[in-house]
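Chemist: So that you have it, the file is entry31.pdb, and it contains PDB, C-alpha atoms, pLDDT in the B column:
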ATOM      1  CA  MET A   1       0.000   0.000   0.000  1.00 46.00           C
ATOM      2  CA  PRO A   2       2.671   2.448   0.808  1.00 49.00           C
ATOM      3  CA  GLU A   3       4.282   1.590  -2.531  1.00 49.00           C
ATOM      4  CA  LYS A   4       1.029   2.425  -4.340  1.00 48.00           C
ATOM      5  CA  ASP A   5       0.861   5.797  -2.618  1.00 49.00           C
ATOM      6  CA  ARG A   6       4.396   6.654  -3.644  1.00 49.00           C
ATOM      7  CA  PRO A   7       3.757   7.768  -7.198  1.00 51.00           C
ATOM      8  CA  PHE A   8       1.115  10.106  -5.928  1.00 46.00           C
ATOM      9  CA  GLU A   9       3.535  11.612  -3.451  1.00 49.00           C
ATOM     10  CA  GLN A  10       6.085  11.974  -6.210  1.00 48.00           C
ATOM     11  CA  MET A  11       3.476  13.708  -8.314  1.00 46.00           C
ATOM     12  CA  LEU A  12       2.816  16.089  -5.433  1.00 44.00           C
ATOM     13  CA  GLU A  13       6.510  16.759  -5.122  1.00 48.00           C
ATOM     14  CA  LEU A  14       6.798  17.491  -8.876  1.00 45.00           C
ATOM     15  CA  ASN A  15       3.836  19.818  -8.755  1.00 53.00           C
ATOM     16  CA  ASP A  16       5.419  21.696  -5.865  1.00 53.00           C
ATOM     17  CA  ASP A  17       8.661  22.040  -7.845  1.00 56.00           C
ATOM     18  CA  GLU A  18       6.781  23.188 -10.879  1.00 57.00           C
ATOM     19  CA  ALA A  19       4.867  25.690  -8.752  1.00 57.00           C
ATOM     20  CA  LEU A  20       8.115  26.997  -7.320  1.00 60.00           C
ATOM     21  CA  SER A  21       9.607  27.214 -10.794  1.00 77.00           C
ATOM     22  CA  ALA A  22       6.629  29.237 -12.069  1.00 72.00           C
ATOM     23  CA  GLU A  23       6.823  31.603  -9.138  1.00 78.00           C
ATOM     24  CA  HIS A  24      10.540  31.988  -9.768  1.00 75.00           C
ATOM     25  CA  LEU A  25       9.919  32.814 -13.421  1.00 80.00           C
ATOM     26  CA  ASP A  26       7.246  35.324 -12.496  1.00 79.00           C
ATOM     27  CA  SER A  27       9.631  36.877 -10.027  1.00 82.00           C
ATOM     28  CA  GLN A  28      12.361  37.027 -12.655  1.00 85.00           C
ATOM     29  CA  VAL A  29       9.963  38.574 -15.183  1.00 85.00           C
ATOM     30  CA  GLN A  30       8.804  41.141 -12.634  1.00 86.00           C
ATOM     31  CA  LYS A  31      12.392  41.878 -11.751  1.00 88.00           C
ATOM     32  CA  ALA A  32      13.290  42.265 -15.414  1.00 88.00           C
ATOM     33  CA  GLN A  33      10.327  44.590 -15.942  1.00 89.00           C
ATOM     34  CA  ASP A  34      11.359  46.628 -12.933  1.00 89.00           C
ATOM     35  CA  GLN A  35      14.879  46.827 -14.258  1.00 91.00           C
ATOM     36  CA  LEU A  36      13.591  47.798 -17.698  1.00 91.00           C
ATOM     37  CA  LEU A  37      11.403  50.501 -16.171  1.00 92.00           C
ATOM     38  CA  GLN A  38      14.332  51.749 -14.143  1.00 92.00           C
ATOM     39  CA  LEU A  39      16.538  51.794 -17.239  1.00 93.00           C
ATOM     40  CA  LYS A  40      13.836  53.672 -19.123  1.00 92.00           C
ATOM     41  CA  ARG A  41      13.654  56.244 -16.360  1.00 92.00           C
ATOM     42  CA  GLN A  42      17.432  56.542 -16.359  1.00 93.00           C
ATOM     43  CA  GLN A  43      17.377  56.962 -20.141  1.00 93.00           C
ATOM     44  CA  GLU A  44      14.775  59.716 -19.843  1.00 93.00           C
ATOM     45  CA  GLN A  45      16.855  61.381 -17.123  1.00 93.00           C
ATOM     46  CA  ILE A  46      19.980  61.151 -19.271  1.00 94.00           C
ATOM     47  CA  GLU A  47      18.146  62.541 -22.298  1.00 94.00           C
ATOM     48  CA  LYS A  48      16.822  65.385 -20.139  1.00 93.00           C
ATOM     49  CA  GLN A  49      20.319  66.167 -18.889  1.00 93.00           C
ATOM     50  CA  LYS A  50      21.570  65.998 -22.459  1.00 93.00           C
ATOM     51  CA  ARG A  51      18.967  68.538 -23.594  1.00 93.00           C
ATOM     52  CA  GLU A  52      19.835  70.782 -20.650  1.00 94.00           C
ATOM     53  CA  LEU A  53      23.538  70.578 -21.468  1.00 93.00           C
ATOM     54  CA  GLU A  54      22.850  71.313 -25.136  1.00 94.00           C
ATOM     55  CA  GLU A  55      20.726  74.328 -24.143  1.00 94.00           C
ATOM     56  CA  LEU A  56      23.452  75.552 -21.798  1.00 92.00           C
ATOM     57  CA  SER A  57      26.043  75.110 -24.541  1.00 93.00           C
ATOM     58  CA  ARG A  58      23.868  76.988 -27.032  1.00 93.00           C
ATOM     59  CA  ARG A  59      23.285  79.860 -24.598  1.00 93.00           C
ATOM     60  CA  GLN A  60      26.966  80.009 -23.718  1.00 93.00           C
ATOM     61  CA  GLU A  61      27.840  80.183 -27.414  1.00 93.00           C
ATOM     62  CA  GLU A  62      25.197  82.885 -27.857  1.00 94.00           C
ATOM     63  CA  LEU A  63      26.730  84.781 -24.928  1.00 93.00           C
ATOM     64  CA  GLU A  64      30.231  84.624 -26.393  1.00 94.00           C
ATOM     65  CA  HIS A  65      28.999  85.716 -29.815  1.00 93.00           C
ATOM     66  CA  GLY A  66      26.935  88.551 -28.332  1.00 93.00           C
ATOM     67  CA  ARG A  67      29.820  89.733 -26.152  1.00 93.00           C
ATOM     68  CA  ALA A  68      32.216  89.786 -29.100  1.00 94.00           C
ATOM     69  CA  GLU A  69      29.695  91.554 -31.347  1.00 94.00           C
ATOM     70  CA  MET A  70      28.674  94.234 -28.856  1.00 94.00           C
ATOM     71  CA  SER A  71      32.235  94.766 -27.637  1.00 94.00           C
ATOM     72  CA  ASP A  72      33.329  95.504 -31.218  1.00 94.00           C
ATOM     73  CA  LYS A  73      30.338  97.745 -31.941  1.00 93.00           C
ATOM     74  CA  LEU A  74      30.603  99.677 -28.676  1.00 94.00           C
ATOM     75  CA  THR A  75      34.345 100.189 -29.138  1.00 95.00           C
ATOM     76  CA  ARG A  76      33.887 101.592 -32.638  1.00 94.00           C
ATOM     77  CA  ALA A  77      30.894 103.658 -31.503  1.00 95.00           C
ATOM     78  CA  LEU A  78      32.948 105.217 -28.710  1.00 94.00           C
ATOM     79  CA  VAL A  79      35.617 106.242 -31.216  1.00 94.00           C
ATOM     80  CA  VAL A  80      32.979 107.809 -33.482  1.00 94.00           C
ATOM     81  CA  LEU A  81      31.284 109.580 -30.566  1.00 93.00           C
ATOM     82  CA  GLU A  82      34.634 110.845 -29.326  1.00 93.00           C
ATOM     83  CA  ARG A  83      35.249 112.445 -32.722  1.00 91.00           C
ATOM     84  CA  GLU A  84      31.703 113.809 -32.763  1.00 90.00           C
ATOM     85  CA  ALA A  85      32.151 115.263 -29.268  1.00 92.00           C
ATOM     86  CA  TYR A  86      35.394 116.940 -30.322  1.00 90.00           C
ATOM     87  CA  SER A  87      33.769 118.333 -33.465  1.00 86.00           C
ATOM     88  CA  ALA A  88      30.742 119.506 -31.488  1.00 87.00           C
ATOM     89  CA  GLN A  89      32.962 121.174 -28.885  1.00 89.00           C
ATOM     90  CA  ASN A  90      34.992 122.852 -31.615  1.00 88.00           C
ATOM     91  CA  ARG A  91      31.853 124.018 -33.389  1.00 86.00           C
ATOM     92  CA  LEU A  92      30.374 125.261 -30.107  1.00 89.00           C
ATOM     93  CA  GLU A  93      33.472 127.358 -29.471  1.00 90.00           C
ATOM     94  CA  GLN A  94      33.268 128.774 -32.991  1.00 88.00           C
ATOM     95  CA  VAL A  95      29.570 129.550 -32.538  1.00 90.00           C
ATOM     96  CA  ARG A  96      30.277 131.331 -29.250  1.00 91.00           C
ATOM     97  CA  GLY A  97      33.101 133.324 -30.831  1.00 91.00           C
ATOM     98  CA  ALA A  98      30.936 134.277 -33.792  1.00 91.00           C
ATOM     99  CA  ARG A  99      28.067 135.246 -31.503  1.00 92.00           C
ATOM    100  CA  GLU A 100      30.266 137.547 -29.426  1.00 93.00           C
ATOM    101  CA  SER A 101      31.810 139.105 -32.548  1.00 92.00           C
ATOM    102  CA  PHE A 102      28.406 139.622 -34.202  1.00 93.00           C
ATOM    103  CA  ALA A 103      26.985 141.194 -31.042  1.00 93.00           C
ATOM    104  CA  GLN A 104      29.888 143.640 -30.810  1.00 94.00           C
ATOM    105  CA  HIS A 105      29.666 144.640 -34.470  1.00 92.00           C
ATOM    106  CA  LEU A 106      25.886 144.940 -34.271  1.00 92.00           C
ATOM    107  CA  GLU A 107      26.237 147.295 -31.326  1.00 93.00           C
ATOM    108  CA  LEU A 108      28.719 149.435 -33.282  1.00 92.00           C
ATOM    109  CA  ILE A 109      26.533 149.506 -36.406  1.00 90.00           C
ATOM    110  CA  GLU A 110      23.379 150.381 -34.477  1.00 91.00           C
ATOM    111  CA  ALA A 111      25.309 153.195 -32.801  1.00 91.00           C
ATOM    112  CA  ILE A 112      25.818 154.872 -36.182  1.00 88.00           C
ATOM    113  CA  ASP A 113      23.464 157.857 -36.361  1.00 87.00           C
ATOM    114  CA  PRO A 114      24.132 160.372 -39.175  1.00 85.00           C
ATOM    115  CA  ARG A 115      21.788 162.849 -37.464  1.00 85.00           C
ATOM    116  CA  ASN A 116      24.400 163.380 -34.749  1.00 86.00           C
ATOM    117  CA  TRP A 117      27.273 163.976 -37.134  1.00 83.00           C
ATOM    118  CA  ASN A 118      28.975 167.361 -37.260  1.00 83.00           C
ATOM    119  CA  PRO A 119      28.461 168.803 -40.772  1.00 79.00           C
ATOM    120  CA  SER A 120      32.020 170.095 -40.793  1.00 82.00           C
ATOM    121  CA  ASP A 121      33.310 166.534 -40.199  1.00 82.00           C
ATOM    122  CA  LEU A 122      30.908 164.841 -42.586  1.00 81.00           C
ATOM    123  CA  HIS A 123      33.602 163.167 -44.700  1.00 86.00           C
ATOM    124  CA  LYS A 124      35.431 161.897 -41.621  1.00 88.00           C
ATOM    125  CA  GLU A 125      32.266 160.595 -39.961  1.00 87.00           C
ATOM    126  CA  LEU A 126      31.141 158.939 -43.173  1.00 88.00           C
ATOM    127  CA  SER A 127      34.519 157.258 -43.655  1.00 88.00           C
ATOM    128  CA  ARG A 128      34.460 155.999 -40.093  1.00 89.00           C
ATOM    129  CA  ALA A 129      30.927 154.627 -40.461  1.00 89.00           C
ATOM    130  CA  LEU A 130      31.755 152.881 -43.732  1.00 91.00           C
ATOM    131  CA  SER A 131      34.868 151.398 -42.151  1.00 91.00           C
ATOM    132  CA  THR A 132      32.741 150.049 -39.300  1.00 91.00           C
ATOM    133  CA  VAL A 133      30.363 148.404 -41.768  1.00 91.00           C
ATOM    134  CA  ASP A 134      33.264 146.959 -43.801  1.00 92.00           C
ATOM    135  CA  ASP A 135      34.839 145.510 -40.657  1.00 92.00           C
ATOM    136  CA  ALA A 136      31.545 143.929 -39.682  1.00 91.00           C
ATOM    137  CA  ARG A 137      31.146 142.431 -43.159  1.00 92.00           C
ATOM    138  CA  THR A 138      34.690 141.010 -43.092  1.00 92.00           C
ATOM    139  CA  GLU A 139      34.214 139.450 -39.646  1.00 91.00           C
ATOM    140  CA  TYR A 140      30.828 138.086 -40.655  1.00 91.00           C
ATOM    141  CA  ASN A 141      32.175 136.386 -43.792  1.00 91.00           C
ATOM    142  CA  GLU A 142      35.146 134.907 -41.923  1.00 90.00           C
ATOM    143  CA  HIS A 143      32.995 133.428 -39.166  1.00 88.00           C
ATOM    144  CA  ARG A 144      30.443 132.230 -41.707  1.00 88.00           C
ATOM    145  CA  SER A 145      33.126 130.369 -43.674  1.00 87.00           C
ATOM    146  CA  ARG A 146      34.540 128.729 -40.555  1.00 85.00           C
ATOM    147  CA  LEU A 147      31.102 127.660 -39.339  1.00 84.00           C
ATOM    148  CA  GLN A 148      30.193 126.189 -42.703  1.00 83.00           C
ATOM    149  CA  ALA A 149      33.487 124.273 -42.814  1.00 80.00           C
ATOM    150  CA  ALA A 150      32.932 122.927 -39.287  1.00 73.00           C
ATOM    151  CA  GLY A 151      29.346 121.837 -39.960  1.00 65.00           C
ATOM    152  CA  ALA A 152      28.541 121.591 -43.648  1.00 48.00           C
ATOM    153  CA  ASP A 153      25.358 119.575 -42.941  1.00 47.00           C
ATOM    154  CA  SER A 154      23.964 122.107 -40.471  1.00 48.00           C
ATOM    155  CA  GLU A 155      20.329 122.986 -41.091  1.00 45.00           C
ATOM    156  CA  ALA A 156      20.759 126.564 -39.816  1.00 52.00           C
ATOM    157  CA  SER A 157      23.160 128.213 -42.260  1.00 61.00           C
ATOM    158  CA  LEU A 158      24.055 131.881 -42.130  1.00 66.00           C
ATOM    159  CA  PRO A 159      22.928 134.021 -45.072  1.00 67.00           C
ATOM    160  CA  ASP A 160      25.494 135.074 -47.601  1.00 64.00           C
ATOM    161  CA  THR A 161      26.515 138.712 -47.940  1.00 62.00           C
ATOM    162  CA  ALA A 162      26.574 140.607 -51.213  1.00 55.00           C
ATOM    163  CA  PRO A 163      29.482 142.935 -52.023  1.00 52.00           C
ATOM    164  CA  GLY A 164      29.240 146.360 -50.450  1.00 48.00           C
ATOM    165  CA  VAL A 165      26.925 148.808 -52.157  1.00 44.00           C
ATOM    166  CA  TYR A 166      29.803 151.188 -52.618  1.00 44.00           C
ATOM    167  CA  GLU A 167      32.319 148.585 -53.818  1.00 46.00           C
ATOM    168  CA  ASN A 168      33.262 148.516 -57.501  1.00 44.00           C
ATOM    169  CA  SER A 169      34.854 145.843 -59.644  1.00 41.00           C
ATOM    170  CA  ASP A 170      38.287 146.678 -58.244  1.00 49.00           C
ATOM    171  CA  GLY A 171      37.083 145.872 -54.730  1.00 51.00           C
ATOM    172  CA  ARG A 172      37.551 149.430 -53.444  1.00 53.00           C
ATOM    173  CA  SER A 173      34.994 150.745 -50.986  1.00 53.00           C
ATOM    174  CA  PHE A 174      33.408 154.179 -51.075  1.00 53.00           C
ATOM    175  CA  SER A 175      35.615 155.331 -48.209  1.00 54.00           C
ATOM    176  CA  GLU A 176      38.739 154.350 -50.124  1.00 56.00           C
ATOM    177  CA  TRP A 177      37.565 156.211 -53.251  1.00 56.00           C
ATOM    178  CA  LEU A 178      36.630 159.185 -51.072  1.00 57.00           C
ATOM    179  CA  GLN A 179      40.153 159.329 -49.710  1.00 58.00           C
ATOM    180  CA  ILE A 180      41.604 159.038 -53.220  1.00 59.00           C
ATOM    181  CA  GLY A 181      39.302 161.825 -54.428  1.00 58.00           C
ATOM    182  CA  LEU A 182      40.329 164.101 -51.586  1.00 57.00           C
ATOM    183  CA  ALA A 183      43.992 163.446 -52.298  1.00 57.00           C
ATOM    184  CA  LEU A 184      43.502 164.317 -55.973  1.00 57.00           C
ATOM    185  CA  SER A 185      41.397 167.385 -55.184  1.00 60.00           C
ATOM    186  CA  LEU A 186      43.718 168.936 -52.635  1.00 59.00           C
ATOM    187  CA  PRO A 187      46.003 170.596 -55.247  1.00 61.00           C
ATOM    188  CA  LEU A 188      43.010 172.052 -57.057  1.00 62.00           C
ATOM    189  CA  ILE A 189      41.525 173.306 -53.798  1.00 67.00           C
ATOM    190  CA  PHE A 190      44.866 174.857 -52.850  1.00 64.00           C
ATOM    191  CA  PHE A 191      45.327 176.624 -56.178  1.00 64.00           C
ATOM    192  CA  GLY A 192      41.684 177.717 -56.145  1.00 68.00           C
ATOM    193  CA  ALA A 193      42.097 179.238 -52.708  1.00 70.00           C
ATOM    194  CA  VAL A 194      45.246 181.014 -53.816  1.00 69.00           C
ATOM    195  CA  ALA A 195      43.483 182.333 -56.923  1.00 70.00           C
ATOM    196  CA  VAL A 196      40.528 183.629 -54.897  1.00 71.00           C
ATOM    197  CA  ALA A 197      42.837 185.274 -52.373  1.00 72.00           C
ATOM    198  CA  LEU A 198      44.819 186.876 -55.181  1.00 72.00           C
ATOM    199  CA  PHE A 199      41.639 188.096 -56.873  1.00 72.00           C
ATOM    200  CA  VAL A 200      40.364 189.615 -53.626  1.00 72.00           C
ATOM    201  CA  TRP A 201      43.698 191.307 -53.012  1.00 75.00           C
ATOM    202  CA  ILE A 202      43.798 192.794 -56.510  1.00 77.00           C
ATOM    203  CA  ALA A 203      40.162 193.945 -56.307  1.00 72.00           C
ATOM    204  CA  SER A 204      40.762 195.591 -52.970  1.00 71.00           C
ATOM    205  CA  ARG A 205      43.495 197.791 -54.471  1.00 63.00           C
TER     206      ARG A 205
END
Will you turn the file into structure tokens for me?
Modeler:
Amino acid sequence: MPEKDRPFEQMLELNDDEALSAEHLDSQVQKAQDQLLQLKRQQEQIEKQKRELEELSRRQEELEHGRAEMSDKLTRALVVLEREAYSAQNRLEQVRGARESFAQHLELIEAIDPRNWNPSDLHKELSRALSTVDDARTEYNEHRSRLQAAGADSEASLPDTAPGVYENSDGRSFSEWLQIGLALSLPLIFFGAVAVALFVWIASR
């Protein structure tokens, strides 16, 4: 009887082994799945770190390029602005000088009043007044030329001056011709005065 029950016990033992083997396989499969999931997570983490490193590298390259570009542009801009500042300072000084000169000459010209001239000194007063106007015109043209040379693109340009009303083609002013005329007339005036004095002396006898 015990011998008959033996195959049954062996069958039970085999079933237990098979059951253990199945559980072991399931455990191995679960373990492999867990490992696969862990590897997948690690892969995702590595890919994320890779993207972050690539982004950092791209931004660092952008930084270096931007620094080089702006450093070059700012350096050249500073040189240009330095020249512009020097030119502006130079032009400002010229404008101030011209303004002071124009104000002085304007004051002298506005002070000319023929009504206050002494009739006996008319030629002298007229020569002095014309000389004042000629000096003002000369100063004006000189400052105008310098200002135009310093800022040719300036929107506010000074008006040009025409030749003096009393200047001829030789460039002589009325005062200069007046002096020449007086010099030429002096001998005639002298001889005329002598002739009149002689005539009066003869008539009185």
Chemist: Suppose a student applies the PyMOL selection byres ((chain A and resi 129) around 10) to this structure; what residues should they get, written as a list in words?
Modeler: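 In the shown coordinates, the PyMOL selection byres ((chain A and resi 129) around 10) covers Leu108, Ile109, Ala111, Ile112, Asp113, Pro114, His123, Lys124, Glu125, Leu126, Ser127, Arg128, Leu130, Ser131, Thr132, Val133, Asp134, Asp135 and Ser175 of chain A.
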Chemist: Go ahead and save the residues from that selection, with C-alpha atoms, as an mmCIF file, keeping the file's coordinate frame.
Modeler:
data_model
loop_
_atom_site.group_PDB
_atom_site.id
_atom_site.type_symbol
_atom_site.label_atom_id
_atom_site.label_comp_id
_atom_site.auth_asym_id
_atom_site.auth_seq_id
_atom_site.Cartn_x
_atom_site.Cartn_y
_atom_site.Cartn_z
ATOM 1 C CA LEU A 108 28.719 149.435 -33.282
ATOM 2 C CA ILE A 109 26.533 149.506 -36.406
ATOM 3 C CA ALA A 111 25.309 153.195 -32.801
ATOM 4 C CA ILE A 112 25.818 154.872 -36.182
ATOM 5 C CA ASP A 113 23.464 157.857 -36.361
ATOM 6 C CA PRO A 114 24.132 160.372 -39.175
ATOM 7 C CA HIS A 123 33.602 163.167 -44.700
ATOM 8 C CA LYS A 124 35.431 161.897 -41.621
ATOM 9 C CA GLU A 125 32.266 160.595 -39.961
ATOM 10 C CA LEU A 126 31.141 158.939 -43.173
ATOM 11 C CA SER A 127 34.519 157.258 -43.655
ATOM 12 C CA ARG A 128 34.460 155.999 -40.093
ATOM 13 C CA LEU A 130 31.755 152.881 -43.732
ATOM 14 C CA SER A 131 34.868 151.398 -42.151
ATOM 15 C CA THR A 132 32.741 150.049 -39.300
ATOM 16 C CA VAL A 133 30.363 148.404 -41.768
ATOM 17 C CA ASP A 134 33.264 146.959 -43.801
ATOM 18 C CA ASP A 135 34.839 145.510 -40.657
ATOM 19 C CA SER A 175 35.615 155.331 -48.209
#
Chemist: With the PyMOL selection byres ((chain A and resi 96-103) around 12) as the selection, what would be picked from this file? Answer as a ChimeraX atom specification, please.
Modeler: /A:89-95,104-110,133,135-147,158
Chemist: What's the separation between atom CA of Ser57 of chain A and atom CA of Gln45 of chain A, in Å to one decimal place?
Modeler: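 Taking atom CA of Ser57 of chain A and atom CA of Gln45 of chain A, their separation equals 18.1 Å.
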Chemist: In Å, how far is it from atom CA of Ser87 of chain A to atom CA of Ala149 of chain A?
Modeler: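 Going from atom CA of Ser87 of chain A over to atom CA of Ala149 of chain A, I get 11.1 Å.
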Chemist: Could you please determine the separation between atom CA of Val80 of chain A and atom CA of Glu64 of chain A in Å, to one decimal place?
Modeler: 24.4 Å
Chemist: How big is the axis-aligned box around the listed atoms of segment 69-81 of chain A once 5 Å is added on each side, and where is its centre? Give both in Å to one decimal, as JSON.
Modeler:
{"center_x": 32.1, "center_y": 100.6, "center_z": -30.6, "size_x": 16.9, "size_y": 28.0, "size_z": 15.8}
Chemist: Have segment 78-96 of chain A completed to N, CA, C and O atoms, please, and pass it along as a PDB file, in the frame of the given file.
Modeler:
ATOM      1  N   LEU A  78      32.292 104.273 -29.606  1.00 94.00           N
ATOM      2  CA  LEU A  78      32.948 105.217 -28.710  1.00 94.00           C
ATOM      3  C   LEU A  78      33.961 106.078 -29.460  1.00 94.00           C
ATOM      4  O   LEU A  78      34.098 107.276 -29.184  1.00 94.00           O
ATOM      5  N   VAL A  79      34.663 105.468 -30.412  1.00 94.00           N
ATOM      6  CA  VAL A  79      35.617 106.242 -31.216  1.00 94.00           C
ATOM      7  C   VAL A  79      34.880 107.293 -32.040  1.00 94.00           C
ATOM      8  O   VAL A  79      35.282 108.461 -32.112  1.00 94.00           O
ATOM      9  N   VAL A  80      33.766 106.874 -32.669  1.00 94.00           N
ATOM     10  CA  VAL A  80      32.979 107.809 -33.482  1.00 94.00           C
ATOM     11  C   VAL A  80      32.416 108.930 -32.613  1.00 94.00           C
ATOM     12  O   VAL A  80      32.475 110.116 -32.974  1.00 94.00           O
ATOM     13  N   LEU A  81      31.866 108.568 -31.454  1.00 93.00           N
ATOM     14  CA  LEU A  81      31.284 109.580 -30.566  1.00 93.00           C
ATOM     15  C   LEU A  81      32.348 110.519 -30.006  1.00 93.00           C
ATOM     16  O   LEU A  81      32.073 111.694 -29.763  1.00 93.00           O
ATOM     17  N   GLU A  82      33.548 109.992 -29.801  1.00 93.00           N
ATOM     18  CA  GLU A  82      34.634 110.845 -29.326  1.00 93.00           C
ATOM     19  C   GLU A  82      34.963 111.907 -30.374  1.00 93.00           C
ATOM     20  O   GLU A  82      35.151 113.085 -30.045  1.00 93.00           O
ATOM     21  N   ARG A  83      35.007 111.476 -31.645  1.00 91.00           N
ATOM     22  CA  ARG A  83      35.249 112.445 -32.722  1.00 91.00           C
ATOM     23  C   ARG A  83      34.099 113.431 -32.832  1.00 91.00           C
ATOM     24  O   ARG A  83      34.307 114.634 -33.033  1.00 91.00           O
ATOM     25  N   GLU A  84      32.867 112.928 -32.684  1.00 90.00           N
ATOM     26  CA  GLU A  84      31.703 113.809 -32.763  1.00 90.00           C
ATOM     27  C   GLU A  84      31.713 114.819 -31.614  1.00 90.00           C
ATOM     28  O   GLU A  84      31.377 115.993 -31.806  1.00 90.00           O
ATOM     29  N   ALA A  85      32.101 114.354 -30.421  1.00 92.00           N
ATOM     30  CA  ALA A  85      32.151 115.263 -29.268  1.00 92.00           C
ATOM     31  C   ALA A  85      33.201 116.341 -29.488  1.00 92.00           C
ATOM     32  O   ALA A  85      32.973 117.517 -29.164  1.00 92.00           O
ATOM     33  N   TYR A  86      34.345 115.951 -30.051  1.00 90.00           N
ATOM     34  CA  TYR A  86      35.394 116.940 -30.322  1.00 90.00           C
ATOM     35  C   TYR A  86      34.920 117.950 -31.363  1.00 90.00           C
ATOM     36  O   TYR A  86      35.109 119.159 -31.204  1.00 90.00           O
ATOM     37  N   SER A  87      34.271 117.434 -32.427  1.00 86.00           N
ATOM     38  CA  SER A  87      33.769 118.333 -33.465  1.00 86.00           C
ATOM     39  C   SER A  87      32.692 119.253 -32.911  1.00 86.00           C
ATOM     40  O   SER A  87      32.654 120.444 -33.225  1.00 86.00           O
ATOM     41  N   ALA A  88      31.804 118.689 -32.068  1.00 87.00           N
ATOM     42  CA  ALA A  88      30.742 119.506 -31.488  1.00 87.00           C
ATOM     43  C   ALA A  88      31.310 120.577 -30.566  1.00 87.00           C
ATOM     44  O   ALA A  88      30.843 121.719 -30.562  1.00 87.00           O
ATOM     45  N   GLN A  89      32.333 120.196 -29.776  1.00 89.00           N
ATOM     46  CA  GLN A  89      32.962 121.174 -28.885  1.00 89.00           C
ATOM     47  C   GLN A  89      33.643 122.274 -29.684  1.00 89.00           C
ATOM     48  O   GLN A  89      33.533 123.464 -29.352  1.00 89.00           O
ATOM     49  N   ASN A  90      34.327 121.869 -30.761  1.00 88.00           N
ATOM     50  CA  ASN A  90      34.992 122.852 -31.615  1.00 88.00           C
ATOM     51  C   ASN A  90      33.981 123.785 -32.264  1.00 88.00           C
ATOM     52  O   ASN A  90      34.176 125.007 -32.317  1.00 88.00           O
ATOM     53  N   ARG A  91      32.883 123.193 -32.753  1.00 86.00           N
ATOM     54  CA  ARG A  91      31.853 124.018 -33.389  1.00 86.00           C
ATOM     55  C   ARG A  91      31.186 124.937 -32.363  1.00 86.00           C
ATOM     56  O   ARG A  91      30.879 126.092 -32.665  1.00 86.00           O
ATOM     57  N   LEU A  92      30.979 124.431 -31.149  1.00 89.00           N
ATOM     58  CA  LEU A  92      30.374 125.261 -30.107  1.00 89.00           C
ATOM     59  C   LEU A  92      31.251 126.466 -29.797  1.00 89.00           C
ATOM     60  O   LEU A  92      30.747 127.588 -29.636  1.00 89.00           O
ATOM     61  N   GLU A  93      32.567 126.236 -29.722  1.00 90.00           N
ATOM     62  CA  GLU A  93      33.472 127.358 -29.471  1.00 90.00           C
ATOM     63  C   GLU A  93      33.428 128.367 -30.612  1.00 90.00           C
ATOM     64  O   GLU A  93      33.461 129.583 -30.381  1.00 90.00           O
ATOM     65  N   GLN A  94      33.347 127.868 -31.852  1.00 88.00           N
ATOM     66  CA  GLN A  94      33.268 128.774 -32.991  1.00 88.00           C
ATOM     67  C   GLN A  94      31.953 129.557 -32.982  1.00 88.00           C
ATOM     68  O   GLN A  94      31.924 130.754 -33.297  1.00 88.00           O
ATOM     69  N   VAL A  95      30.870 128.871 -32.606  1.00 90.00           N
ATOM     70  CA  VAL A  95      29.570 129.550 -32.538  1.00 90.00           C
ATOM     71  C   VAL A  95      29.596 130.635 -31.463  1.00 90.00           C
ATOM     72  O   VAL A  95      29.092 131.753 -31.678  1.00 90.00           O
ATOM     73  N   ARG A  96      30.191 130.330 -30.314  1.00 91.00           N
ATOM     74  CA  ARG A  96      30.277 131.331 -29.250  1.00 91.00           C
ATOM     75  C   ARG A  96      31.115 132.521 -29.687  1.00 91.00           C
ATOM     76  O   ARG A  96      30.758 133.679 -29.437  1.00 91.00           O
TER      77      ARG A  96
END
